[in-house]
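Data first, discussion second: the structure below is written as structure tokens.
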Amino acid sequence: MRARAAGVADGLITGRPEVADEVEAPERPMREKAGEFLRALPWWVRVLAIFAASRLVSTALLLGFARVQANNAWTLAHPVYADYAKIWDGQWYYIVSQVGYPTTLPLTDAGQVAQNAWAFLPVFPMLIKGLMVLTGAAFAPTAVVVSVAAAAVTCVVFFRILRRFLPASTSYFAVLLFCVAPLSPLLQVAYAESLFLLLIAVALWLLLERQYWLMLAVLAVASFTRPGVVAFALALALHWGHRWLVREREPFPPAERLKVGIVAVATGLLGFAWPVVAALATGRLDAYTATELSWRADYVGYGHLLPFTPWVQGANWWVPGGAGIVFLVVAVALFVLLMLSPWVRRLPLDLRFWIVAYVVYLLAVFFPQSSTFRVLMPIFPLLGALAIPRSRVYRVLIVAGGIVGQFAWLYICWWVNGYDWTPP
């Protein structure tokens, strides 16, 4: 007879159980017991175990960089973990939690809008502030706990989404990829990314379940957490169009058409809600966009936001002489090919609609620089496609690449080394 032993590493890396030969009989009982124990665990415990193990790696890397961190604008040399987790945008969230937003926009010596707190939406810092009042804890550890908790629940929701169309082993591996991705240290610092990813994951789950009103409530919170909810309106428009096209084989009654249409329009309005709040509070119509544009002024100077021009500007800035435009065209073409690949086509249409809509949104408004990889985090459903190949070599290499990528990203973007122009 042949015995099966489903070890965690083999199940995640290979996607198939290990088969033991008779010559391995002495090892078989222990491995069988381990496999039986793991199979007896609830699925969500396994997901959280993957997340917890991955945090050991990311925490070790963050602590390693903190140990060699010199004095900088945010901390003294060799900061403790909590202080190191609050640098960069974490400091802006701290400011918002303590003093809120300016009613008068700060200006540069040249009279342009300077960088200020209006670029950072209120749900995350106000949640931290509320917990600080309730618990008496400081900002940094509270923010880290919220980020870690939100990331853990995101993994659980992500797994449930994937299990609708992928085998369990592939879904677990996709969660592992999410947890060890190069930017996964952001899941445990004072940034709003974890909370936003959780809200997007829940919204996508509700979209797949066609719970449109509940989805709208989630998106209402997300619209004040991070920019990008307006992309969900485009995804919903694509969802509506597809359902209308296939209405002969999948009913799409008028009442549901109206519901989806209302939710799509409302989501689009929510995507512009924070700029409206900023305008009303400051008395300046372009308060939010002018604030956002101040972050790219060091690259291309001050100007106005013209949709779909930032990437052209960025391409010309990073690679002058027209070659940058070639790189941009190639990048867009590669993305199109990726979306048409067999792996990605295994994803449900609604997930693909979200990925395409969000990338179109970024092409419309975002200026490419070192934060580009961070703002790409909401297209995490693509990890479901990357988890499909079952090759042991592929899976080992992609996990190892993610961990090496974490080190590289922390070195380039998080660690402060003198004058730093590569913010995370």
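Going through the structure tokens in order, the chains are called A, B, and so on, while each chain numbers its residues from 1 and the ligands are numbered from 1 in the order shown.
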- Message: Quick check for you: according to DSSP on this backbone, which residues of stretch 113-362 of chain A are classed as alpha helix (DSSP H)? Reply as an NGL selection string.
- Response: :A and (123-135 or 139-162 or 168-180 or 193-209 or 212-222 or 230-245 or 254-271 or 273-282 or 287-294 or 297-300 or 310-318 or 323-339 or 349-362)
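Taking only C-alpha atoms into account, A:Phe139 lies nearest to A:Ala82 out of the set A:Ala82, A:Leu245, A:Cys155, A:Ala119.
Between atom CA of A:Val189 and atom CA of A:Asp420 there is a distance of 19.1 Å.
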- Query: Counting only C-alpha atoms, which of A:Thr142, A:Asn417, A:Ser169, A:Thr154 gets nearest to A:Arg39?
  - Reply: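 Answer, going by the shortest atom-to-atom distance: A:Ser169.
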- Task: Kindly indicate which residue among A:Val221, A:Leu176, A:Val260, A:Leu306 lies nearest to A:His239, using only C-alpha atoms for the distances.
- Result: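 Closest to A:His239, using only C-alpha atoms: A:Val260.
Considering the residues A:Phe65, A:Phe335, A:Phe407, A:Trp295 and counting only C-alpha atoms, A:Tyr81 has its shortest atom-to-atom contact with A:Phe65.
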- Message: Report as a ChimeraX atom specification all protein, DNA and RNA residues lying within 9 Å of stretch 361-371 of chain A, evaluated on only C-alpha atoms, omitting residues in the same chain fewer than 2 positions from it.
- Response: /A:228,230-231,234,296,305-315,318,356-359,373-376,412-413,421-424
- Using only C-alpha atoms, which residues sit within 9 Å of stretch 163-168 of chain A once same-chain residues fewer than 3 positions away are excluded, as an MDAnalysis selection string? chainID A and resid 15 158:160 171:173 346:348 384 388
Writing out the chosen residues with N, CA and C atoms as a short mmCIF file (atom, residue, chain, number, x, y, z; two decimals), in the first residue's frame:
```cif
data_model
loop_
_atom_site.label_atom_id
_atom_site.label_comp_id
_atom_site.auth_asym_id
_atom_site.auth_seq_id
_atom_site.Cartn_x
_atom_site.Cartn_y
_atom_site.Cartn_z
N GLY A 15 0.99 21.92 -4.02
CA GLY A 15 -0.42 21.86 -4.34
C GLY A 15 -0.93 20.44 -4.40
N PHE A 158 -10.14 36.77 1.50
CA PHE A 158 -9.52 36.44 0.23
C PHE A 158 -9.61 34.94 -0.04
N PHE A 159 -9.34 34.14 0.98
CA PHE A 159 -9.43 32.69 0.80
C PHE A 159 -10.85 32.27 0.43
N ARG A 160 -11.85 32.84 1.08
CA ARG A 160 -13.23 32.48 0.78
C ARG A 160 -13.61 32.88 -0.65
N SER A 171 -5.84 27.88 -3.31
CA SER A 171 -6.31 29.05 -2.55
C SER A 171 -5.39 29.33 -1.37
N TYR A 172 -4.96 28.28 -0.66
CA TYR A 172 -4.01 28.48 0.44
C TYR A 172 -2.70 29.08 -0.08
N PHE A 173 -2.25 28.60 -1.23
CA PHE A 173 -1.00 29.12 -1.76
C PHE A 173 -1.14 30.58 -2.19
N ARG A 346 -9.01 32.26 -15.38
CA ARG A 346 -9.62 31.39 -14.38
C ARG A 346 -10.33 32.22 -13.31
N LEU A 347 -9.98 33.49 -13.20
CA LEU A 347 -10.63 34.36 -12.22
C LEU A 347 -12.04 34.72 -12.69
N PRO A 348 -12.99 34.87 -11.78
CA PRO A 348 -14.33 35.32 -12.18
C PRO A 348 -14.27 36.67 -12.87
N GLY A 384 -4.44 35.11 -7.17
CA GLY A 384 -5.14 33.86 -7.41
C GLY A 384 -4.68 33.21 -8.71
N ILE A 388 -1.94 29.42 -9.52
CA ILE A 388 -2.49 28.25 -10.23
C ILE A 388 -1.42 27.23 -10.64
#
```
- Find the residues around A:Gly261 up to 9 Å (only C-alpha atoms counted), leave out those fewer than 6 positions away in its own chain, and share them as JSON, numbers by chain. {"A": [236, 237, 240]}
Keeping only N, CA and C atoms, write those residues as an mmCIF file, in the first residue's frame.
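Wrote part27.cif, looks like this:
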```cif
data_model
loop_
_atom_site.group_PDB
_atom_site.id
_atom_site.type_symbol
_atom_site.label_atom_id
_atom_site.label_comp_id
_atom_site.auth_asym_id
_atom_site.auth_seq_id
_atom_site.Cartn_x
_atom_site.Cartn_y
_atom_site.Cartn_z
ATOM 1 N N LEU A 236 -18.393 48.232 -11.563
ATOM 2 C CA LEU A 236 -19.829 47.968 -11.511
ATOM 3 C C LEU A 236 -20.499 48.251 -12.852
ATOM 4 N N ALA A 237 -20.025 49.267 -13.558
ATOM 5 C CA ALA A 237 -20.568 49.536 -14.892
ATOM 6 C C ALA A 237 -20.272 48.362 -15.827
ATOM 7 N N TRP A 240 -22.585 45.568 -14.841
ATOM 8 C CA TRP A 240 -23.934 45.807 -15.365
ATOM 9 C C TRP A 240 -23.991 45.462 -16.851
#
```
Determine, counting only C-alpha atoms, which protein, DNA and RNA residues have an atom within 9 Å of an atom of A:Ala281; residues of the same chain fewer than 3 positions away are not included. Present the result as a PDB file with C-alpha atoms, in the first residue's frame.
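And here is the file that came out, out-v4.pdb:
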```
ATOM      1  CA  TYR A 101      -7.213  68.787   8.914  1.00  0.00           C
ATOM      2  CA  PRO A 102      -6.206  72.403   8.183  1.00  0.00           C
ATOM      3  CA  THR A 103      -8.990  74.769   7.195  1.00  0.00           C
ATOM      4  CA  THR A 104      -6.397  76.982   5.524  1.00  0.00           C
ATOM      5  CA  VAL A 276     -15.846  67.730  -1.933  1.00  0.00           C
ATOM      6  CA  VAL A 277     -15.294  67.625   1.835  1.00  0.00           C
ATOM      7  CA  ALA A 278     -11.864  69.210   1.402  1.00  0.00           C
ATOM      8  CA  ARG A 284     -10.903  76.063  -2.246  1.00  0.00           C
TER       9      ARG A 284
END
```
- Query: So, counting only C-alpha atoms, which residue among A:Val146, A:Leu293, A:Ala60, A:Ala235 is closest to A:Thr267?
  - Reply: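 Ranking A:Val146, A:Leu293, A:Ala60, A:Ala235 by distance to A:Thr267, first place goes to A:Ala235.
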- Item | Nearest candidate to A:Gln69 (options A:Tyr84, A:Tyr191, A:Tyr394, A:Phe272; using only C-alpha atoms) |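 So, comparing all the options, the nearest one is A:Tyr84.
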- Query: Quick one: residues within 10 Å of A:Arg67, only C-alpha atoms counted, chain neighbours fewer than 3 positions away excluded, as number ranges by chain?
  - Reply: A: 61-64, 70, 77-81, 84
Write to file, as a PDB file, in the first residue's frame, the residues of the selection just made, with C-alpha atoms.
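This is the output file result21.pdb:
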```
ATOM      1  CA  LEU A  61      13.135  42.119   8.350  1.00  0.00           C
ATOM      2  CA  LEU A  62      11.635  45.304   9.795  1.00  0.00           C
ATOM      3  CA  LEU A  63      13.520  44.837  13.062  1.00  0.00           C
ATOM      4  CA  GLY A  64      16.724  44.227  11.141  1.00  0.00           C
ATOM      5  CA  ALA A  70      20.324  56.131  11.689  1.00  0.00           C
ATOM      6  CA  ALA A  77      18.773  55.935  15.650  1.00  0.00           C
ATOM      7  CA  HIS A  78      17.845  52.289  16.239  1.00  0.00           C
ATOM      8  CA  PRO A  79      14.141  52.906  16.898  1.00  0.00           C
ATOM      9  CA  VAL A  80      11.875  50.362  18.554  1.00  0.00           C
ATOM     10  CA  TYR A  81       9.401  48.576  16.306  1.00  0.00           C
ATOM     11  CA  TYR A  84       9.776  52.542  13.095  1.00  0.00           C
TER      12      TYR A  84
END
```
